[in-house]
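Raw query.csv, CSV, C-alpha atoms:
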```csv
chain,number,residue,atom,x,y,z
S,199,MET,CA,-17.2,-45.4,-136.5
S,200,ILE,CA,-19.8,-45.9,-133.7
S,201,THR,CA,-18.4,-47.9,-130.9
S,202,SER,CA,-21.2,-48.1,-128.4
S,203,ASN,CA,-23.3,-51.2,-128.0
S,204,HIS,CA,-26.3,-49.5,-129.5
S,205,ASN,CA,-25.9,-48.6,-133.1
S,206,PRO,CA,-29.2,-47.8,-134.7
S,207,TYR,CA,-27.6,-47.6,-138.2
S,208,LEU,CA,-26.2,-51.1,-138.2
S,209,LEU,CA,-28.8,-52.8,-140.3
S,210,TYR,CA,-30.9,-50.1,-142.0
S,211,LEU,CA,-33.8,-51.4,-144.1
S,212,VAL,CA,-35.0,-49.2,-146.9
S,213,THR,CA,-38.4,-50.3,-148.2
S,214,ASP,CA,-39.3,-51.0,-151.8
S,215,ASP,CA,-41.9,-48.5,-153.0
S,216,GLN,CA,-43.0,-50.9,-155.7
S,217,GLN,CA,-44.4,-53.4,-153.2
S,218,SER,CA,-48.0,-53.4,-152.2
S,219,LEU,CA,-49.0,-52.4,-148.6
S,220,PRO,CA,-49.7,-56.0,-147.5
S,221,THR,CA,-46.3,-57.1,-148.9
S,222,LEU,CA,-44.6,-54.2,-147.3
S,223,GLU,CA,-46.2,-55.0,-143.9
S,224,HIS,CA,-45.0,-58.6,-144.2
S,225,VAL,CA,-41.5,-57.7,-145.2
S,226,VAL,CA,-41.1,-55.1,-142.4
S,227,ARG,CA,-42.7,-57.3,-139.7
S,228,GLU,CA,-40.4,-60.2,-140.7
S,229,ALA,CA,-37.3,-58.0,-141.1
S,230,VAL,CA,-37.8,-56.5,-137.7
S,231,ALA,CA,-38.1,-60.0,-136.2
S,232,GLY,CA,-34.9,-60.8,-138.0
S,233,GLY,CA,-32.9,-58.0,-136.4
S,234,VAL,CA,-33.1,-54.8,-138.5
S,235,THR,CA,-32.2,-51.7,-136.5
S,236,MET,CA,-33.8,-48.9,-138.5
S,237,VAL,CA,-36.5,-48.6,-141.1
S,238,GLN,CA,-36.8,-46.0,-143.8
S,239,ILE,CA,-40.0,-45.7,-145.8
S,240,ARG,CA,-39.4,-44.8,-149.4
S,241,GLU,CA,-42.2,-43.6,-151.6
S,242,LYS,CA,-41.4,-42.1,-155.0
S,243,HIS,CA,-44.9,-42.0,-156.6
S,244,GLY,CA,-45.9,-38.6,-155.3
S,245,ASP,CA,-49.1,-39.8,-153.6
S,246,VAL,CA,-48.8,-38.2,-150.2
S,247,ARG,CA,-51.9,-39.9,-148.7
S,248,ALA,CA,-50.6,-43.3,-149.7
S,249,PHE,CA,-47.2,-42.3,-148.2
S,250,ILE,CA,-48.8,-41.3,-144.9
S,251,LYS,CA,-50.8,-44.5,-144.8
S,252,ARG,CA,-47.7,-46.7,-145.5
S,253,ALA,CA,-45.7,-44.7,-142.8
S,254,GLN,CA,-48.5,-45.1,-140.2
S,255,THR,CA,-48.8,-48.8,-140.9
S,256,ILE,CA,-45.0,-49.4,-140.5
S,257,LYS,CA,-44.9,-47.2,-137.4
S,258,ALA,CA,-47.5,-49.4,-135.8
S,259,ILE,CA,-45.4,-52.5,-136.5
S,260,LEU,CA,-42.3,-50.8,-135.0
S,261,GLN,CA,-44.3,-49.7,-131.9
S,262,HIS,CA,-45.6,-53.2,-131.5
S,263,ALA,CA,-42.1,-54.6,-131.7
S,264,TYR,CA,-41.0,-52.1,-129.0
S,265,THR,CA,-43.8,-53.1,-126.7
S,266,ALA,CA,-43.2,-56.8,-127.2
S,267,THR,CA,-39.4,-56.8,-127.0
S,268,GLY,CA,-38.2,-53.4,-125.7
S,269,ARG,CA,-36.1,-52.9,-128.9
S,270,TYR,CA,-36.7,-49.5,-130.3
S,271,ILE,CA,-36.4,-49.2,-134.1
S,272,PRO,CA,-36.4,-45.7,-135.5
S,273,LEU,CA,-38.8,-44.8,-138.4
S,274,ILE,CA,-37.2,-42.6,-141.0
S,275,ILE,CA,-39.1,-41.0,-143.9
S,276,ASN,CA,-37.5,-40.6,-147.2
S,277,ASP,CA,-37.5,-37.1,-148.7
S,278,ARG,CA,-40.7,-35.7,-147.2
S,279,VAL,CA,-40.4,-33.6,-144.1
S,280,ASP,CA,-44.2,-33.0,-144.2
S,281,VAL,CA,-44.9,-36.7,-144.0
S,282,ALA,CA,-42.4,-37.1,-141.2
S,283,LEU,CA,-44.2,-34.4,-139.2
S,284,ALA,CA,-47.6,-35.9,-140.1
S,285,VAL,CA,-46.8,-39.3,-138.6
S,286,ASN,CA,-44.3,-38.1,-135.9
S,287,ALA,CA,-41.6,-40.2,-137.4
S,288,ASP,CA,-38.1,-40.3,-135.8
S,289,GLY,CA,-36.6,-38.5,-138.6
S,290,VAL,CA,-36.0,-38.0,-142.4
S,291,HIS,CA,-33.5,-38.9,-145.0
S,292,LEU,CA,-32.9,-36.2,-147.5
S,293,GLY,CA,-31.4,-36.2,-150.9
S,294,GLN,CA,-29.4,-33.3,-152.5
S,295,THR,CA,-32.4,-31.9,-154.3
S,296,ASP,CA,-34.8,-32.2,-151.3
S,297,MET,CA,-35.5,-29.6,-148.7
S,298,PRO,CA,-32.3,-28.0,-147.4
S,299,VAL,CA,-31.2,-29.7,-144.2
S,300,VAL,CA,-31.0,-26.3,-142.4
S,301,ILE,CA,-34.7,-25.7,-143.0
S,302,ALA,CA,-35.6,-29.3,-142.2
S,303,ARG,CA,-33.9,-29.0,-138.9
S,304,GLN,CA,-35.8,-25.8,-138.1
S,305,LEU,CA,-39.1,-27.6,-138.8
S,306,LEU,CA,-38.3,-30.9,-137.1
S,307,GLY,CA,-36.4,-29.6,-134.1
S,308,LYS,CA,-33.2,-30.8,-132.5
S,309,ASP,CA,-34.4,-34.2,-131.4
S,310,LYS,CA,-35.3,-35.8,-134.8
S,311,LEU,CA,-32.8,-37.6,-136.9
S,312,ILE,CA,-31.7,-36.1,-140.3
S,313,GLY,CA,-29.7,-38.2,-142.8
S,314,LEU,CA,-28.3,-36.8,-146.0
S,315,SER,CA,-27.4,-38.6,-149.2
S,316,ILE,CA,-23.8,-38.0,-150.3
S,317,GLU,CA,-22.9,-38.8,-153.8
S,318,THR,CA,-19.7,-36.7,-154.6
S,319,GLU,CA,-16.5,-35.7,-152.9
S,320,GLN,CA,-17.6,-32.1,-152.8
S,321,GLN,CA,-20.9,-33.0,-151.0
S,322,LEU,CA,-18.9,-35.0,-148.5
S,323,ALA,CA,-16.7,-32.0,-147.8
S,324,ASP,CA,-19.6,-29.7,-147.5
S,325,CYS,CA,-21.7,-31.8,-145.1
S,326,ALA,CA,-19.3,-31.3,-142.2
S,327,SER,CA,-20.9,-28.0,-141.2
S,328,LEU,CA,-24.6,-29.1,-141.7
S,329,PRO,CA,-27.0,-29.9,-138.9
S,330,ILE,CA,-27.4,-33.6,-139.7
S,331,ASP,CA,-27.0,-36.8,-137.8
S,332,TYR,CA,-25.6,-39.3,-140.4
S,333,ILE,CA,-24.9,-39.6,-144.1
S,334,GLY,CA,-25.9,-42.1,-146.6
S,335,LEU,CA,-22.9,-42.8,-148.9
S,336,SER,CA,-24.2,-43.7,-152.3
S,337,ALA,CA,-23.5,-45.9,-154.1
S,338,ILE,CA,-20.8,-48.2,-152.9
S,339,PHE,CA,-21.4,-50.8,-155.6
S,340,VAL,CA,-23.4,-50.9,-158.8
S,341,THR,CA,-27.1,-51.5,-158.1
S,342,ALA,CA,-30.3,-52.0,-160.0
S,343,THR,CA,-32.2,-50.0,-157.3
S,344,LYS,CA,-30.7,-46.7,-158.1
S,345,THR,CA,-30.1,-46.0,-161.8
S,346,ASN,CA,-29.2,-42.2,-161.7
S,347,LEU,CA,-26.0,-42.6,-159.8
S,348,VAL,CA,-23.3,-39.9,-159.7
S,349,THR,CA,-20.6,-42.0,-158.0
S,350,HIS,CA,-19.6,-45.6,-157.3
S,351,TRP,CA,-17.5,-45.1,-154.3
S,352,GLY,CA,-16.2,-48.6,-153.9
S,353,LEU,CA,-14.4,-49.8,-150.8
S,354,ALA,CA,-11.5,-47.3,-151.3
S,355,GLY,CA,-13.9,-44.4,-151.6
S,356,LEU,CA,-15.7,-45.5,-148.5
S,357,GLN,CA,-12.4,-45.6,-146.6
S,358,ARG,CA,-11.6,-42.1,-147.7
S,359,ALA,CA,-15.0,-40.9,-146.6
S,360,ALA,CA,-14.8,-42.6,-143.2
S,361,ALA,CA,-11.4,-40.9,-142.6
S,362,ILE,CA,-12.8,-37.4,-143.0
S,363,CYS,CA,-16.6,-37.6,-142.2
S,364,PRO,CA,-17.6,-36.4,-138.8
S,365,PHE,CA,-20.9,-38.3,-138.9
S,366,PRO,CA,-21.9,-42.0,-138.9
S,367,ILE,CA,-21.8,-43.4,-142.4
S,368,VAL,CA,-24.6,-45.7,-143.7
S,369,ALA,CA,-23.3,-47.4,-146.9
S,370,ILE,CA,-25.9,-48.0,-149.6
S,371,GLY,CA,-25.8,-49.6,-153.0
S,372,GLY,CA,-25.3,-53.2,-154.1
S,373,ILE,CA,-24.6,-54.4,-150.5
S,374,ASN,CA,-25.5,-58.0,-149.6
S,375,HIS,CA,-24.2,-60.9,-147.6
S,376,THR,CA,-21.2,-61.5,-149.9
S,377,ASN,CA,-19.7,-58.0,-149.4
S,378,LEU,CA,-21.1,-56.5,-146.2
S,379,THR,CA,-18.2,-57.5,-144.0
S,380,ASP,CA,-15.8,-55.7,-146.4
S,381,VAL,CA,-18.0,-52.6,-146.2
S,382,ILE,CA,-18.0,-52.5,-142.4
S,383,ALA,CA,-14.3,-53.1,-142.4
S,384,ALA,CA,-13.8,-50.2,-144.7
S,385,GLY,CA,-15.4,-47.8,-142.2
S,386,ALA,CA,-19.2,-47.9,-142.5
S,387,ASP,CA,-21.2,-47.7,-139.3
S,388,GLY,CA,-24.1,-49.5,-140.9
S,389,ILE,CA,-25.4,-50.8,-144.2
S,390,ALA,CA,-28.7,-49.9,-146.0
S,391,ILE,CA,-30.4,-52.9,-147.5
S,392,VAL,CA,-33.2,-52.9,-150.0
S,393,SER,CA,-33.4,-56.0,-152.3
S,394,ALA,CA,-31.4,-58.4,-150.1
S,395,ILE,CA,-34.2,-58.3,-147.5
S,396,SER,CA,-37.3,-56.9,-149.3
S,397,HIS,CA,-37.0,-59.4,-152.2
S,398,ALA,CA,-35.9,-62.4,-150.2
S,399,ASP,CA,-38.1,-65.4,-150.1
S,400,ASP,CA,-37.8,-65.3,-146.3
S,401,PRO,CA,-37.1,-61.7,-145.2
S,402,ARG,CA,-36.7,-62.7,-141.5
S,403,GLN,CA,-34.0,-65.3,-142.3
S,404,ALA,CA,-32.3,-62.8,-144.7
S,405,ALA,CA,-32.2,-60.2,-142.0
S,406,MET,CA,-31.0,-62.7,-139.4
S,407,THR,CA,-28.2,-63.9,-141.7
S,408,ILE,CA,-27.1,-60.3,-142.4
S,409,ARG,CA,-27.3,-59.3,-138.7
S,410,SER,CA,-25.3,-62.3,-137.7
S,411,LEU,CA,-22.5,-61.4,-140.2
S,412,LEU,CA,-22.5,-57.8,-138.9
S,413,ASN,CA,-22.4,-58.9,-135.3
S,414,ASN,CA,-19.4,-61.2,-136.0
S,415,ASN,CA,-17.5,-58.6,-138.0
```
Spit out the file's structure as C-alpha cells when you get a sec.
Amino acid sequence: MITSNHNPYLLYLVTDDQQSLPTLEHVVREAVAGGVTMVQIREKHGDVRAFIKRAQTIKAILQHAYTATGRYIPLIINDRVDVALAVNADGVHLGQTDMPVVIARQLLGKDKLIGLSIETEQQLADCASLPIDYIGLSAIFVTATKTNLVTHWGLAGLQRAAAICPFPIVAIGGINHTNLTDVIAAGADGIAIVSAISHADDPRQAAMTIRSLLNNN
C-alpha cells in the first residue's frame, strides 16, 4: 500500500457517461471541493468530439482547483489514448480489450499515468511485468454500473491481490460509505467511486463524508 502523505488514488472519482455536460460539470466541481484526489472521464458512446469536449471541460475545473488551492488532481481518460493525447491529460485507464499498455506507454511517454483493469487471477499475475502505474481491481462487490463482470473479488480476493501486486490497487465496484473502510483495510490504496458521488443529491457532501472515512481509517 502507498504510505506517503500524498496518495492520488485515495478517492478516485469515475464520471458517469450518462450525465449531461452541465450535470457532469456540477458533479466534478462539487466532488473536487469535497476532496476527491483523482478524476477519470468515462465515455462509452463512441463520440470522440464529445469525449474531448467533456475532458477539456473537466480539465479546466481541475486546473482552477489547483490555482485556487494548490491541490493537484490528475485527470485520467478512460480507454482512449488519442483523447488523452488530444487534451494532454495526466494519463489513461485501459481495459483488457483496449490498446495494449506497451504501445500506450510508447505513445504517452514515461511521465504519464497508465492504469489497467484487472478482472481475473491470470491478469493479476501477468500485470507484474507491464509498464503500468496502478491497477483497477474490478469488481470488489456486485454493482449496477458494470454488468459484464468476470469476477467479484470480495474482500478476500482483494487481500490476495494486495499481497502479490507490485502496483497500487484502486478497488472498484459496489463501494460506498458502508464498506469502504473494510476495502482499505483489505489492502486497497484507493477506491473508485461512481454512483455514491455522481448520483448523490449533494456530491460535495458525499465526497467529504467518504474522504473523512478514508482519512480516519
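Proximity to segment 277-284 of chain S at 7 Å, evaluated using only C-alpha atoms and with sequence-adjacent residues fewer than 3 positions away removed, yields Ile250, Ala287, Gly289, Val290, His291, Leu292, Gly293, Asp296 and Ala302 of chain S.
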Selected residues written out with C-alpha atoms, as an mmCIF file, in the coordinates of the input:
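Everything below was put into again.cif:
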```cif
data_model
loop_
_atom_site.group_PDB
_atom_site.id
_atom_site.type_symbol
_atom_site.label_atom_id
_atom_site.label_comp_id
_atom_site.auth_asym_id
_atom_site.auth_seq_id
_atom_site.Cartn_x
_atom_site.Cartn_y
_atom_site.Cartn_z
ATOM 1 C CA ILE S 250 -48.800 -41.300 -144.900
ATOM 2 C CA ALA S 287 -41.600 -40.200 -137.400
ATOM 3 C CA GLY S 289 -36.600 -38.500 -138.600
ATOM 4 C CA VAL S 290 -36.000 -38.000 -142.400
ATOM 5 C CA HIS S 291 -33.500 -38.900 -145.000
ATOM 6 C CA LEU S 292 -32.900 -36.200 -147.500
ATOM 7 C CA GLY S 293 -31.400 -36.200 -150.900
ATOM 8 C CA ASP S 296 -34.800 -32.200 -151.300
ATOM 9 C CA ALA S 302 -35.600 -29.300 -142.200
#
```
- Query: Could you pull the residues within 12 Å of Thr255 of chain S, counting all atoms listed in the file, minus those fewer than 4 positions along the same chain, as a ChimeraX atom specification?
  - Reply: /S:219-224,226-227,239,248-251,259-262,273,285,287
Could you please take those selected residues and save C-alpha atoms as a short mmCIF file (atom, residue, chain, number, x, y, z; two decimals), in the coordinates of the input?
```cif
data_model
loop_
_atom_site.label_atom_id
_atom_site.label_comp_id
_atom_site.auth_asym_id
_atom_site.auth_seq_id
_atom_site.Cartn_x
_atom_site.Cartn_y
_atom_site.Cartn_z
CA LEU S 219 -49.00 -52.40 -148.60
CA PRO S 220 -49.70 -56.00 -147.50
CA THR S 221 -46.30 -57.10 -148.90
CA LEU S 222 -44.60 -54.20 -147.30
CA GLU S 223 -46.20 -55.00 -143.90
CA HIS S 224 -45.00 -58.60 -144.20
CA VAL S 226 -41.10 -55.10 -142.40
CA ARG S 227 -42.70 -57.30 -139.70
CA ILE S 239 -40.00 -45.70 -145.80
CA ALA S 248 -50.60 -43.30 -149.70
CA PHE S 249 -47.20 -42.30 -148.20
CA ILE S 250 -48.80 -41.30 -144.90
CA LYS S 251 -50.80 -44.50 -144.80
CA ILE S 259 -45.40 -52.50 -136.50
CA LEU S 260 -42.30 -50.80 -135.00
CA GLN S 261 -44.30 -49.70 -131.90
CA HIS S 262 -45.60 -53.20 -131.50
CA LEU S 273 -38.80 -44.80 -138.40
CA VAL S 285 -46.80 -39.30 -138.60
CA ALA S 287 -41.60 -40.20 -137.40
#
```
- Task: Tell me which of S:Gln254, S:Ser315, S:Leu211, S:Val300 sits closest to Glu228 of chain S, counting only C-alpha atoms.
- Result: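 Result for the nearest residue to Glu228 of chain S: S:Leu211.
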- Please identify all polymer residues within 9 Å of Ile271 of chain S, counting only C-alpha atoms, omitting same-chain residues fewer than 6 positions from it, and present them as a PyMOL selection string. chain S and resi 206+230+234-237+260-261+263-264
- Considering all atoms listed in the file, return as a PyMOL selection string whatever protein or nucleic-acid residues lie within 10 Å of Val212 of chain S, sequence-local ones (same chain, fewer than 4 positions apart) excluded. chain S and resi 226+236-240+274-276+370+390-393+395-396
- Message: Would you compute the distance between atom CA of Ala369 of chain S and atom CA of Ser336 of chain S? Give it in Å to one decimal.
- Response: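 Answer for the atom CA of Ala369 of chain S to atom CA of Ser336 of chain S separation: 6.6 Å.
In this model, the gap between atom CA of Leu306 of chain S and atom CA of Ala231 of chain S comes to 29.1 Å.
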- Message: Considering only C-alpha atoms, can you say which of S:Ala404, S:Leu356, S:Val246, S:Ile301 comes closest to Ile382 of chain S?
- Response: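 Residue with the minimum atom-to-atom distance to Ile382 of chain S: S:Leu356.
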- Message: What's the separation between atom CA of Tyr210 of chain S and atom CA of Ile389 of chain S, in Å to one decimal place?
- Response: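 Value for the atom CA of Tyr210 of chain S-atom CA of Ile389 of chain S distance: 6.0 Å.
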- Task: Tell me which of S:Ala386, S:Thr407, S:Phe339, S:Asp324 sits closest to Ile367 of chain S, counting all atoms listed in the file.
- Result: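 For Ile367 of chain S, the nearest of the candidates is S:Ala386.
Nearest residue to His204 of chain S, choosing from S:Gly244, S:Arg269, S:Val225, S:Met406 and counting all atoms listed in the file: S:Arg269.
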